[in-house]
file run.cif (mmCIF, C-alpha atoms and all ligand atoms)
data_model
#
loop_
_atom_site.label_atom_id
_atom_site.label_comp_id
_atom_site.auth_asym_id
_atom_site.auth_seq_id
_atom_site.Cartn_x
_atom_site.Cartn_y
_atom_site.Cartn_z
CA MET Y 1 0.00 0.00 0.00
CA THR Y 2 1.26 3.47 -0.68
CA LEU Y 3 1.23 6.00 2.12
CA ASP Y 4 -0.98 9.05 2.16
CA ILE Y 5 1.48 11.61 3.50
CA SER Y 6 0.29 14.95 4.86
CA ILE Y 7 2.85 17.76 4.77
CA THR Y 8 3.00 20.62 7.28
CA ARG Y 9 5.84 22.94 6.37
CA SER Y 10 7.92 24.61 9.01
CA ASP Y 11 7.17 28.29 9.53
CA HIS Y 12 10.70 28.84 10.80
CA PRO Y 13 13.04 26.97 8.40
CA ARG Y 14 16.74 27.77 8.63
CA SER Y 15 17.55 30.93 6.71
CA ASP Y 16 19.65 30.64 3.55
CA ALA Y 17 22.56 32.23 5.40
CA GLU Y 18 22.34 29.81 8.35
CA LEU Y 19 22.03 26.86 6.02
CA ALA Y 20 25.04 27.97 3.96
CA GLU Y 21 27.08 28.16 7.14
CA ILE Y 22 26.03 24.65 8.20
CA LEU Y 23 26.65 23.15 4.76
CA ALA Y 24 30.11 24.73 4.60
CA ASN Y 25 31.18 22.50 7.47
CA PRO Y 26 28.45 20.00 8.31
CA GLY Y 27 30.46 17.47 10.33
CA PHE Y 28 28.40 14.35 10.99
CA GLY Y 29 25.08 13.95 12.76
CA MET Y 30 25.13 17.40 14.35
CA HIS Y 31 22.63 19.46 12.38
CA PHE Y 32 19.16 18.29 11.36
CA THR Y 33 16.94 19.41 8.52
CA ASP Y 34 13.78 21.50 8.91
CA HIS Y 35 11.37 18.54 8.80
CA MET Y 36 10.87 14.93 9.83
CA PHE Y 37 8.71 12.06 8.66
CA THR Y 38 6.51 10.00 11.00
CA VAL Y 39 4.08 7.10 10.54
CA GLU Y 40 2.52 4.99 13.26
CA TRP Y 41 1.31 1.40 13.56
CA THR Y 42 -1.22 -0.34 15.73
CA PRO Y 43 -2.66 -3.85 15.26
CA GLU Y 44 -6.11 -2.34 14.62
CA LYS Y 45 -5.17 0.38 12.15
CA GLY Y 46 -1.95 -0.91 10.57
CA TRP Y 47 0.37 1.89 9.39
CA HIS Y 48 -1.48 5.17 9.61
CA ASP Y 49 -1.17 8.92 10.02
CA ALA Y 50 1.87 9.37 7.73
CA ARG Y 51 3.08 12.93 7.99
CA ILE Y 52 5.93 15.32 7.42
CA THR Y 53 6.07 17.96 10.12
CA PRO Y 54 8.58 20.55 11.34
CA TYR Y 55 11.58 18.88 13.00
CA ALA Y 56 10.95 18.87 16.74
CA PRO Y 57 11.74 16.91 19.90
CA LEU Y 58 9.49 13.96 20.72
CA THR Y 59 7.47 13.88 23.90
CA LEU Y 60 7.68 10.36 25.28
CA ASP Y 61 6.05 8.84 28.31
CA PRO Y 62 8.84 7.53 30.59
CA ALA Y 63 7.28 4.07 30.33
CA THR Y 64 7.64 3.96 26.52
CA ALA Y 65 8.85 0.43 25.73
CA VAL Y 66 11.86 1.34 23.55
CA LEU Y 67 13.46 3.18 26.48
CA HIS Y 68 13.46 -0.02 28.53
CA TYR Y 69 13.79 -2.99 26.19
CA ALA Y 70 15.51 -1.47 23.14
CA GLN Y 71 13.03 -2.76 20.57
CA GLU Y 72 14.43 -0.58 17.82
CA THR Y 73 15.85 -0.84 14.33
CA PHE Y 74 17.37 1.75 12.05
CA GLU Y 75 18.85 2.37 8.64
CA GLY Y 76 21.54 4.67 7.28
CA MET Y 77 21.70 5.99 3.74
CA LYS Y 78 22.67 9.14 1.86
CA ALA Y 79 21.18 11.53 -0.67
CA TYR Y 80 23.65 12.92 -3.21
CA ARG Y 81 23.36 16.05 -5.34
CA HIS Y 82 24.62 15.65 -8.88
CA ALA Y 83 26.23 18.43 -10.92
CA ASP Y 84 22.93 19.18 -12.76
CA GLY Y 85 21.22 19.87 -9.41
CA SER Y 86 19.27 16.59 -9.30
CA VAL Y 87 19.18 14.59 -6.03
CA TRP Y 88 19.61 10.81 -5.82
CA THR Y 89 19.77 8.01 -3.27
CA PHE Y 90 21.83 4.82 -3.58
CA ARG Y 91 19.95 1.47 -3.74
CA PRO Y 92 17.22 2.64 -1.30
CA GLU Y 93 15.20 -0.55 -1.88
CA GLN Y 94 18.13 -2.43 -0.32
CA ASN Y 95 17.84 -0.37 2.86
CA ALA Y 96 14.08 -0.93 2.79
CA GLN Y 97 14.48 -4.70 2.47
CA ARG Y 98 17.12 -4.78 5.18
CA MET Y 99 14.74 -2.95 7.50
CA VAL Y 100 12.16 -5.65 6.79
CA ARG Y 101 14.73 -8.31 7.81
CA SER Y 102 15.71 -6.33 10.92
CA SER Y 103 12.01 -5.87 11.72
CA HIS Y 104 11.45 -9.64 11.68
CA ARG Y 105 14.34 -10.14 14.10
CA LEU Y 106 13.09 -7.39 16.41
CA ALA Y 107 9.47 -8.65 16.26
CA PHE Y 108 8.21 -5.49 14.57
CA PRO Y 109 5.44 -5.22 11.97
CA VAL Y 110 6.68 -4.91 8.40
CA LEU Y 111 6.79 -1.55 6.70
CA GLU Y 112 6.54 -2.36 3.00
CA PRO Y 113 9.73 -1.48 1.08
CA GLU Y 114 7.82 0.82 -1.29
CA ASP Y 115 6.43 2.74 1.71
CA PHE Y 116 9.93 3.05 3.18
CA VAL Y 117 11.28 4.44 -0.10
CA GLN Y 118 8.29 6.76 -0.45
CA ALA Y 119 8.88 8.12 3.07
CA VAL Y 120 12.59 8.76 2.43
CA ASP Y 121 11.87 10.37 -0.95
CA ALA Y 122 9.18 12.60 0.57
CA LEU Y 123 11.44 13.92 3.32
CA VAL Y 124 14.43 14.42 1.01
CA GLU Y 125 12.21 16.27 -1.43
CA VAL Y 126 10.77 18.59 1.22
CA ASP Y 127 14.26 19.26 2.62
CA GLN Y 128 16.08 19.20 -0.72
CA ARG Y 129 17.88 22.48 -0.08
CA TRP Y 130 19.77 20.60 2.67
CA VAL Y 131 21.46 18.29 0.14
CA PRO Y 132 24.94 19.83 -0.25
CA ASP Y 133 26.22 20.94 -3.63
CA ASN Y 134 29.75 19.75 -4.43
CA SER Y 135 29.97 21.23 -7.90
CA GLY Y 136 33.39 22.34 -8.88
CA THR Y 137 34.95 21.08 -5.64
CA GLY Y 138 35.08 17.31 -6.27
CA GLY Y 139 33.81 17.09 -2.68
CA GLU Y 140 31.85 14.29 -1.03
CA LYS Y 141 29.27 16.11 1.05
CA SER Y 142 25.85 14.49 1.18
CA LEU Y 143 22.64 14.40 3.18
CA TYR Y 144 22.72 11.47 5.61
CA VAL Y 145 19.25 9.96 6.04
CA ARG Y 146 18.33 8.05 9.17
CA PRO Y 147 15.10 6.01 9.05
CA PHE Y 148 14.27 4.26 12.34
CA MET Y 149 11.51 2.27 14.02
CA ILE Y 150 10.77 2.25 17.74
CA ALA Y 151 8.48 0.49 20.20
CA SER Y 152 6.35 3.49 21.14
CA GLU Y 153 3.81 1.65 23.25
CA VAL Y 154 3.55 2.84 26.85
CA PHE Y 155 3.85 -0.46 28.67
CA LEU Y 156 6.48 -2.11 30.86
CA GLY Y 157 5.46 -5.69 30.11
CA VAL Y 158 7.90 -7.54 27.90
CA ARG Y 159 6.29 -8.30 24.53
CA PRO Y 160 6.42 -6.95 20.97
CA ALA Y 161 5.01 -3.42 21.08
CA GLN Y 162 1.41 -2.84 20.09
CA HIS Y 163 2.23 0.71 19.11
CA VAL Y 164 5.16 1.30 16.77
CA THR Y 165 6.52 4.50 15.29
CA PHE Y 166 8.64 4.75 12.14
CA MET Y 167 10.43 8.02 11.50
CA VAL Y 168 12.91 9.50 9.05
CA ILE Y 169 15.27 12.33 9.94
CA ALA Y 170 18.16 13.75 7.91
CA SER Y 171 21.44 15.45 8.63
CA PRO Y 172 24.01 16.94 6.25
CA ALA Y 173 27.35 15.11 6.29
CA GLY Y 174 30.80 16.31 5.33
CA ALA Y 175 33.51 14.18 3.74
CA TYR Y 176 34.51 11.48 6.21
CA PHE Y 177 38.19 12.20 5.66
CA LYS Y 178 39.23 15.80 6.02
CA GLY Y 179 42.57 16.48 4.36
CA GLY Y 180 43.05 13.20 2.51
CA ILE Y 181 42.35 9.54 3.08
CA LYS Y 182 44.07 8.12 6.16
CA PRO Y 183 44.30 4.42 7.02
CA LEU Y 184 42.53 3.21 10.15
CA SER Y 185 44.35 1.49 12.96
CA LEU Y 186 42.32 -1.36 14.45
CA TRP Y 187 42.21 -2.91 17.87
CA LEU Y 188 41.40 -6.63 18.06
CA THR Y 189 39.25 -7.20 21.09
CA THR Y 190 39.74 -10.61 22.68
CA GLU Y 191 37.30 -9.87 25.47
CA TYR Y 192 34.11 -8.64 23.81
CA THR Y 193 31.99 -9.98 20.94
CA ARG Y 194 29.18 -8.24 19.08
CA ALA Y 195 27.03 -11.17 17.93
CA GLY Y 196 26.44 -14.83 18.60
CA ARG Y 197 24.68 -17.59 16.69
CA GLY Y 198 20.96 -16.84 16.72
CA GLY Y 199 21.62 -13.35 18.07
CA MET Y 200 20.88 -10.07 16.36
CA GLY Y 201 24.24 -9.40 14.67
CA ALA Y 202 22.61 -9.37 11.23
CA ALA Y 203 19.97 -6.82 12.28
CA LYS Y 204 20.60 -3.09 12.24
CA THR Y 205 19.60 -2.34 15.79
CA GLY Y 206 20.84 0.09 18.41
CA GLY Y 207 21.56 -2.73 20.86
CA ASN Y 208 24.47 -3.92 18.72
CA TYR Y 209 25.96 -0.45 18.97
CA ALA Y 210 25.37 -0.24 22.71
CA SER Y 211 27.30 -3.49 23.15
CA SER Y 212 30.16 -2.24 20.95
CA LEU Y 213 30.87 0.93 22.92
CA VAL Y 214 33.02 -0.53 25.69
CA ALA Y 215 35.12 -2.42 23.12
CA GLN Y 216 35.47 0.78 21.10
CA GLN Y 217 36.59 2.53 24.28
CA GLU Y 218 39.24 -0.15 24.71
CA ALA Y 219 40.41 0.49 21.13
CA ILE Y 220 40.77 4.22 21.82
CA GLU Y 221 42.69 3.50 25.05
CA HIS Y 222 45.17 1.53 22.97
CA GLY Y 223 45.56 4.39 20.52
CA CYS Y 224 43.46 2.76 17.78
CA ASP Y 225 40.65 4.25 15.71
CA GLN Y 226 38.24 1.30 15.65
CA VAL Y 227 37.64 -2.13 17.15
CA VAL Y 228 37.52 -5.46 15.26
CA PHE Y 229 35.22 -8.18 16.54
CA LEU Y 230 35.83 -11.92 16.22
CA ASP Y 231 33.16 -14.62 16.19
CA ALA Y 232 31.65 -15.40 19.58
CA GLN Y 233 31.89 -19.17 19.34
CA GLU Y 234 35.57 -19.79 18.67
CA GLY Y 235 37.10 -16.33 18.91
CA ARG Y 236 39.02 -17.01 15.69
CA TYR Y 237 37.13 -15.59 12.76
CA VAL Y 238 36.98 -11.95 11.75
CA GLU Y 239 33.46 -10.54 11.78
CA GLU Y 240 33.47 -6.77 11.29
CA LEU Y 241 34.13 -3.40 12.91
CA GLY Y 242 31.54 -1.63 15.06
CA GLY Y 243 29.79 -0.32 11.93
CA MET Y 244 31.81 -1.37 8.89
CA ASN Y 245 32.40 -4.58 6.92
CA MET Y 246 35.91 -5.81 6.04
CA TYR Y 247 37.84 -6.87 2.93
CA PHE Y 248 41.22 -8.55 2.45
CA VAL Y 249 42.97 -8.19 -0.93
CA HIS Y 250 45.49 -10.90 -1.82
CA ALA Y 251 48.63 -10.70 -3.96
CA ASP Y 252 47.02 -12.94 -6.61
CA GLY Y 253 44.05 -10.55 -6.92
CA ARG Y 254 41.60 -12.57 -4.82
CA VAL Y 255 39.43 -10.57 -2.46
CA VAL Y 256 38.09 -12.18 0.72
CA THR Y 257 35.28 -10.85 2.90
CA PRO Y 258 33.77 -12.56 5.97
CA GLU Y 259 30.62 -14.53 5.21
CA THR Y 260 27.24 -13.37 6.45
CA GLY Y 261 25.13 -14.73 9.28
CA THR Y 262 26.36 -12.87 12.33
CA ILE Y 263 27.63 -9.76 10.55
CA LEU Y 264 25.53 -6.86 9.35
CA GLU Y 265 25.20 -7.27 5.61
CA GLY Y 266 26.27 -3.87 4.29
CA ILE Y 267 24.87 -2.39 1.11
CA THR Y 268 28.32 -0.92 0.48
CA ARG Y 269 29.70 -4.45 1.04
CA SER Y 270 27.51 -5.88 -1.67
CA ALA Y 271 28.34 -3.01 -4.08
CA ILE Y 272 32.06 -3.62 -3.50
CA ILE Y 273 31.62 -7.32 -4.30
CA GLU Y 274 29.98 -6.43 -7.62
CA LEU Y 275 32.56 -3.76 -8.50
CA ALA Y 276 35.49 -6.06 -7.66
CA GLN Y 277 34.01 -8.93 -9.69
CA LYS Y 278 33.40 -6.63 -12.63
CA ALA Y 279 37.06 -5.59 -12.44
CA GLY Y 280 38.00 -9.27 -12.82
CA HIS Y 281 38.68 -10.15 -9.16
CA THR Y 282 37.51 -13.37 -7.58
CA VAL Y 283 35.55 -12.53 -4.43
CA GLU Y 284 35.35 -15.15 -1.70
CA GLU Y 285 32.71 -14.81 1.02
CA ARG Y 286 33.89 -17.21 3.69
CA LYS Y 287 35.21 -17.59 7.21
CA PHE Y 288 38.45 -15.66 7.52
CA SER Y 289 40.55 -16.21 10.62
CA VAL Y 290 42.56 -13.57 12.38
CA ASP Y 291 45.60 -15.86 12.03
CA GLU Y 292 45.14 -15.81 8.26
CA TRP Y 293 45.05 -12.00 8.49
CA ARG Y 294 48.14 -11.70 10.66
CA GLY Y 295 50.09 -14.30 8.67
CA GLY Y 296 49.02 -12.90 5.31
CA VAL Y 297 50.05 -9.34 6.11
CA ALA Y 298 53.38 -10.51 7.58
CA SER Y 299 54.17 -12.71 4.54
CA GLY Y 300 52.99 -10.18 1.97
CA GLU Y 301 50.25 -12.48 0.72
CA ILE Y 302 47.67 -9.92 1.82
CA THR Y 303 48.43 -6.67 0.07
CA GLU Y 304 45.48 -4.49 1.12
CA VAL Y 305 42.93 -4.43 3.89
CA PHE Y 306 39.93 -2.12 3.88
CA ALA Y 307 36.62 -1.50 5.61
CA CYS Y 308 33.40 -0.19 4.08
CA GLY Y 309 30.07 1.32 5.06
CA THR Y 310 27.76 4.16 4.04
CA ALA Y 311 29.35 6.79 6.30
CA ALA Y 312 33.01 6.33 5.31
CA VAL Y 313 32.40 4.56 1.95
CA VAL Y 314 35.70 2.65 1.66
CA THR Y 315 38.44 3.13 4.25
CA PRO Y 316 41.94 1.66 4.08
CA VAL Y 317 43.09 -0.27 7.13
CA GLY Y 318 46.68 0.21 8.21
CA LYS Y 319 47.65 -1.47 11.41
CA LEU Y 320 46.05 -4.28 13.44
CA MET Y 321 46.93 -4.35 17.16
CA TRP Y 322 46.09 -6.94 19.82
CA PRO Y 323 47.11 -7.33 23.47
CA ASP Y 324 50.67 -8.49 22.73
CA GLY Y 325 51.46 -7.61 19.16
CA GLU Y 326 50.69 -5.77 15.95
CA VAL Y 327 50.99 -6.19 12.22
CA GLY Y 328 50.85 -3.77 9.28
CA SER Y 329 51.67 -0.09 9.22
CA ASN Y 330 49.75 3.12 9.01
CA GLN Y 331 51.82 4.62 6.23
CA GLY Y 332 50.37 5.78 2.95
CA GLU Y 333 46.89 6.44 1.64
CA GLY Y 334 45.61 2.91 0.99
CA GLY Y 335 46.40 0.36 -1.70
CA PRO Y 336 45.54 0.65 -5.39
CA LEU Y 337 42.46 -1.61 -5.38
CA THR Y 338 41.09 0.07 -2.23
CA LEU Y 339 41.39 3.48 -3.86
CA GLN Y 340 40.07 2.28 -7.22
CA LEU Y 341 36.94 0.73 -5.70
CA ARG Y 342 36.40 3.77 -3.53
CA LYS Y 343 36.61 6.13 -6.49
CA GLN Y 344 34.35 3.97 -8.67
CA LEU Y 345 31.69 3.88 -5.99
CA VAL Y 346 31.85 7.57 -5.11
CA ASP Y 347 31.82 8.54 -8.79
CA ILE Y 348 28.62 6.55 -9.35
CA GLN Y 349 27.01 8.01 -6.22
CA PHE Y 350 27.78 11.59 -7.19
CA GLY Y 351 26.88 11.05 -10.86
CA ARG Y 352 30.46 11.54 -12.06
CA SER Y 353 30.46 8.25 -13.91
CA GLU Y 354 27.82 6.11 -15.58
CA ASP Y 355 25.60 4.06 -13.29
CA VAL Y 356 25.98 0.79 -15.20
CA PHE Y 357 24.51 -1.23 -12.32
CA GLY Y 358 21.30 0.83 -12.07
CA TRP Y 359 22.00 1.58 -8.41
CA MET Y 360 20.91 5.20 -8.26
CA HIS Y 361 17.35 6.31 -7.53
CA ARG Y 362 16.30 9.82 -8.50
CA VAL Y 363 14.44 11.80 -5.82
CA VAL Y 364 14.40 15.35 -7.18
C1 LIG U 1 25.22 -0.21 8.83
C2 LIG U 1 26.30 -1.16 9.20
C3 LIG U 1 27.31 -1.56 8.29
C4 LIG U 1 27.45 -0.99 6.92
O1 LIG U 1 26.34 -1.15 6.11
P1 LIG U 1 26.10 -0.18 4.87
O2 LIG U 1 24.78 -0.59 4.33
O3 LIG U 1 27.20 -0.45 3.92
O4 LIG U 1 26.14 1.20 5.38
C5 LIG U 1 28.23 -2.49 8.73
N1 LIG U 1 28.20 -2.98 9.98
C6 LIG U 1 27.27 -2.61 10.88
C7 LIG U 1 27.29 -3.19 12.23
C8 LIG U 1 26.28 -1.69 10.52
O5 LIG U 1 25.36 -1.33 11.42
#
call {"tool": "encode", "arguments": {"input": "run.cif", "output": "structure tokens", "more": "lines below"}}
Ligand SMILES: *Cc1c(COP(=O)(O)O)cnc(C)c1O
result
Amino acid sequence: MTLDISITRSDHPRSDAELAEILANPGFGMHFTDHMFTVEWTPEKGWHDARITPYAPLTLDPATAVLHYAQETFEGMKAYRHADGSVWTFRPEQNAQRMVRSSHRLAFPVLEPEDFVQAVDALVEVDQRWVPDNSGTGGEKSLYVRPFMIASEVFLGVRPAQHVTFMVIASPAGAYFKGGIKPLSLWLTTEYTRAGRGGMGAAKTGGNYASSLVAQQEAIEHGCDQVVFLDAQEGRYVEELGGMNMYFVHADGRVVTPETGTILEGITRSAIIELAQKAGHTVEERKFSVDEWRGGVASGEITEVFACGTAAVVTPVGKLMWPDGEVGSNQGEGGPLTLQLRKQLVDIQFGRSEDVFGWMHRVV
């Protein structure tokens, strides 16, 4: 079913001057657009009351279920302005379908993928002046879009919520790397895991992030940028970073990425697989042990390591550290395949090269 969206425009949108100042240096997740999208669900009415309203704080009863039991799922995607002024999103139906999968795991009702895409399109269209213009700069500024679903029922009993709210908010985002691409240093946590068999590692849910924070803190204490998680069962196989999937490029051109199941299946991850295959690389999705990583980097069999996700696109990985050792170095700007895949993806997203895969979706 398609949503019937009512639109109430803000009577105090940011002025052009204020907006220009924000878009000059947006940072990440700090400034929010003039509007937000909301739709609600109850068993009796299904999804109803779809609306775009001025961006404003929510008023929540302290007994709202999400605050207690974390029944929540979210998505992350970007809107890109092309040189001709048009605005596009990247494979939004993939985000929509992933939210359906997350919703099943979190015992939420399903929001149909077409309704999800319609909601995102509607908000991006209303707030289109917030999509940064990179023309002439070769920049990578975009509008980050955050759809999310929460248990909004006021009830402290433990059960799937009988009142659910889906919202979309948006926030302009600057280039992830200021002043050139810099490789990440990673901390291998041997104490914490992010997902177990049958757990919710494959769902995009806030709880996975809550459980990653202390491990991320440990990474920072050891002077690293990000934490790497291993599988919970054997503590041997590489899973992913807190919010990015991983790739290992071999000297013979093979590219290995951890198989799915307990990792979050990134949309960037799947795009990288297709781009690498198109460039003639064999891509293996399989278990990949941390010993294979350490040994491969030390022997030179692994020539490049990188991480990917919507926020940072593709990020080279320099050094891996663990409690009594390290391998790799943080020199340089990333290997040739890392940079090639990154450029190919960014060029498609910003309309600087032909979208041969049909990934882009026009909004405005
Ligand atoms: C969102 C996310 C990713 C990256 O997914 P993309 O669709 O590429 O942005 C990777 N890992 C985790 C845990 C995530 O939440």
call {"tool": "residues_near_ligand", "arguments": {"input": "run.cif", "ligand": "ligand LIG 1 (chain U)", "cutoff": "8 Å", "atoms": "all atoms listed in the file", "output": "JSON, numbers by chain"}}
result
{"Y": [75, 76, 77, 95, 201, 202, 203, 204, 205, 208, 209, 240, 241, 242, 243, 244, 245, 263, 264, 265, 266, 267, 268, 269, 270, 308, 309, 310, 311, 313]}
call {"tool": "closest_atom_pairs", "arguments": {"input": "run.cif", "of": "stretch 74-150 of chain Y", "to": "stretch 348-363 of chain Y", "cutoff": "10 Å", "atoms": "only C-alpha atoms", "output": "tab-separated table"}}
result
residue	atom	partner	partner_atom	distance
Y:Lys78	CA	Y:Gln349	CA	9.2
Y:Ala79	CA	Y:Val363	CA	8.5
Y:Tyr80	CA	Y:Phe350	CA	5.9
Y:Arg81	CA	Y:Phe350	CA	6.5
Y:His82	CA	Y:Phe350	CA	5.4
Y:Ala83	CA	Y:Gly351	CA	7.4
Y:Asp84	CA	Y:Gly351	CA	9.2
Y:Ser86	CA	Y:Arg362	CA	7.4
Y:Val87	CA	Y:Val363	CA	5.5
Y:Trp88	CA	Y:Arg362	CA	4.4
Y:Thr89	CA	Y:His361	CA	5.2
Y:Phe90	CA	Y:Met360	CA	4.8
Y:Arg91	CA	Y:Trp359	CA	5.1
Y:Pro92	CA	Y:His361	CA	7.2
Y:Glu93	CA	Y:His361	CA	9.1
Y:Gln94	CA	Y:Trp359	CA	9.8
Y:Val117	CA	Y:His361	CA	9.8
Y:Gln118	CA	Y:Val363	CA	9.6
Y:Val120	CA	Y:Val363	CA	9.0
Y:Asp121	CA	Y:Val363	CA	5.7
Y:Ala122	CA	Y:Val363	CA	8.3
Y:Leu123	CA	Y:Val363	CA	9.9
Y:Val124	CA	Y:Val363	CA	7.3
Y:Glu125	CA	Y:Val363	CA	6.7
Y:Gln128	CA	Y:Val363	CA	9.1
Y:Asn134	CA	Y:Phe350	CA	8.8
Y:Ser135	CA	Y:Phe350	CA	9.9
Y:Gly138	CA	Y:Phe350	CA	9.3
Y:Gly139	CA	Y:Phe350	CA	9.3
Y:Glu140	CA	Y:Phe350	CA	7.9
Y:Lys141	CA	Y:Phe350	CA	9.5
Y:Ser142	CA	Y:Phe350	CA	9.1
call {"tool": "atom_distance", "arguments": {"input": "run.cif", "atom1": "atom CA of Y:Tyr237", "atom2": "atom CA of Y:Val314"}}
result
21.4 Å
call {"tool": "closest_residue", "arguments": {"input": "run.cif", "among": "Y:Gly328, Y:Pro147, Y:Gly199, Y:Gly180", "to": "Y:Thr165", "atoms": "only C-alpha atoms"}}
result
Y:Pro147
call {"tool": "closest_residue", "arguments": {"input": "run.cif", "among": "Y:Val256, Y:Ala96, Y:Ala279, Y:Val290", "to": "Y:Glu234", "atoms": "only C-alpha atoms"}}
result
Y:Val290
call {"tool": "atom_distance", "arguments": {"input": "run.cif", "atom1": "atom CA of Y:Met36", "atom2": "atom CA of Y:Val126"}}
result
9.4 Å
call {"tool": "closest_residue", "arguments": {"input": "run.cif", "among": "Y:Met30, Y:Ile220, Y:Ile302, Y:Leu184", "to": "Y:Leu143", "atoms": "only C-alpha atoms"}}
result
Y:Met30
call {"tool": "atom_distance", "arguments": {"input": "run.cif", "atom1": "atom CA of Y:Phe288", "atom2": "atom CA of Y:Pro316"}}
result
18.0 Å
call {"tool": "closest_residue", "arguments": {"input": "run.cif", "among": "Y:Thr33, Y:Gln344, Y:Thr338, Y:Gln162", "to": "Y:Ala307", "atoms": "all atoms listed in the file"}}
result
Y:Thr338
call {"tool": "closest_residue", "arguments": {"input": "run.cif", "among": "Y:Ala219, Y:Arg9, Y:Leu320, Y:Arg14", "to": "Y:Arg51", "atoms": "all atoms listed in the file"}}
result
Y:Arg9
call {"tool": "closest_residue", "arguments": {"input": "run.cif", "among": "Y:Arg294, Y:Lys319, Y:Lys182, Y:Arg105", "to": "Y:Gly223", "atoms": "only C-alpha atoms"}}
result
Y:Lys319
call {"tool": "decode", "arguments": {"input": "run.cif", "residues": "stretch 49-54 of chain Y", "atoms": "all heavy atoms", "output": "mmCIF file, in the first residue's frame"}}
result
data_model
loop_
_atom_site.group_PDB
_atom_site.id
_atom_site.type_symbol
_atom_site.label_atom_id
_atom_site.label_comp_id
_atom_site.auth_asym_id
_atom_site.auth_seq_id
_atom_site.Cartn_x
_atom_site.Cartn_y
_atom_site.Cartn_z
ATOM 1 N N ASP Y 49 -1.542 7.566 9.629
ATOM 2 C CA ASP Y 49 -1.167 8.922 10.019
ATOM 3 C C ASP Y 49 0.256 9.278 9.567
ATOM 4 O O ASP Y 49 1.061 9.794 10.350
ATOM 5 C CB ASP Y 49 -1.313 9.067 11.548
ATOM 6 C CG ASP Y 49 -1.492 10.523 11.964
ATOM 7 O OD1 ASP Y 49 -1.647 11.372 11.053
ATOM 8 O OD2 ASP Y 49 -1.450 10.809 13.180
ATOM 9 N N ALA Y 50 0.556 9.012 8.295
ATOM 10 C CA ALA Y 50 1.871 9.365 7.733
ATOM 11 C C ALA Y 50 1.935 10.877 7.560
ATOM 12 O O ALA Y 50 1.001 11.482 7.034
ATOM 13 C CB ALA Y 50 2.067 8.680 6.382
ATOM 14 N N ARG Y 51 3.021 11.472 8.037
ATOM 15 C CA ARG Y 51 3.085 12.931 7.993
ATOM 16 C C ARG Y 51 4.512 13.452 7.983
ATOM 17 O O ARG Y 51 5.408 12.836 8.555
ATOM 18 C CB ARG Y 51 2.354 13.532 9.201
ATOM 19 C CG ARG Y 51 2.918 13.013 10.532
ATOM 20 C CD ARG Y 51 1.906 13.209 11.657
ATOM 21 N NE ARG Y 51 2.471 12.925 12.974
ATOM 22 C CZ ARG Y 51 2.410 11.735 13.576
ATOM 23 N NH1 ARG Y 51 1.828 10.709 12.978
ATOM 24 N NH2 ARG Y 51 2.944 11.561 14.762
ATOM 25 N N ILE Y 52 4.677 14.574 7.320
ATOM 26 C CA ILE Y 52 5.927 15.322 7.424
ATOM 27 C C ILE Y 52 5.590 16.585 8.187
ATOM 28 O O ILE Y 52 4.636 17.293 7.845
ATOM 29 C CB ILE Y 52 6.515 15.615 6.029
ATOM 30 C CG1 ILE Y 52 7.117 14.318 5.456
ATOM 31 C CG2 ILE Y 52 7.578 16.719 6.108
ATOM 32 C CD1 ILE Y 52 7.633 14.434 4.052
ATOM 33 N N THR Y 53 6.352 16.821 9.245
ATOM 34 C CA THR Y 53 6.074 17.962 10.122
ATOM 35 C C THR Y 53 7.388 18.676 10.420
ATOM 36 O O THR Y 53 8.465 18.126 10.160
ATOM 37 C CB THR Y 53 5.448 17.480 11.450
ATOM 38 O OG1 THR Y 53 6.285 16.454 11.991
ATOM 39 C CG2 THR Y 53 4.040 16.930 11.256
ATOM 40 N N PRO Y 54 7.335 19.878 10.971
ATOM 41 C CA PRO Y 54 8.576 20.548 11.340
ATOM 42 C C PRO Y 54 9.392 19.668 12.301
ATOM 43 O O PRO Y 54 8.819 19.021 13.189
ATOM 44 C CB PRO Y 54 8.096 21.830 12.027
ATOM 45 C CG PRO Y 54 6.751 22.085 11.419
ATOM 46 C CD PRO Y 54 6.149 20.726 11.198
#
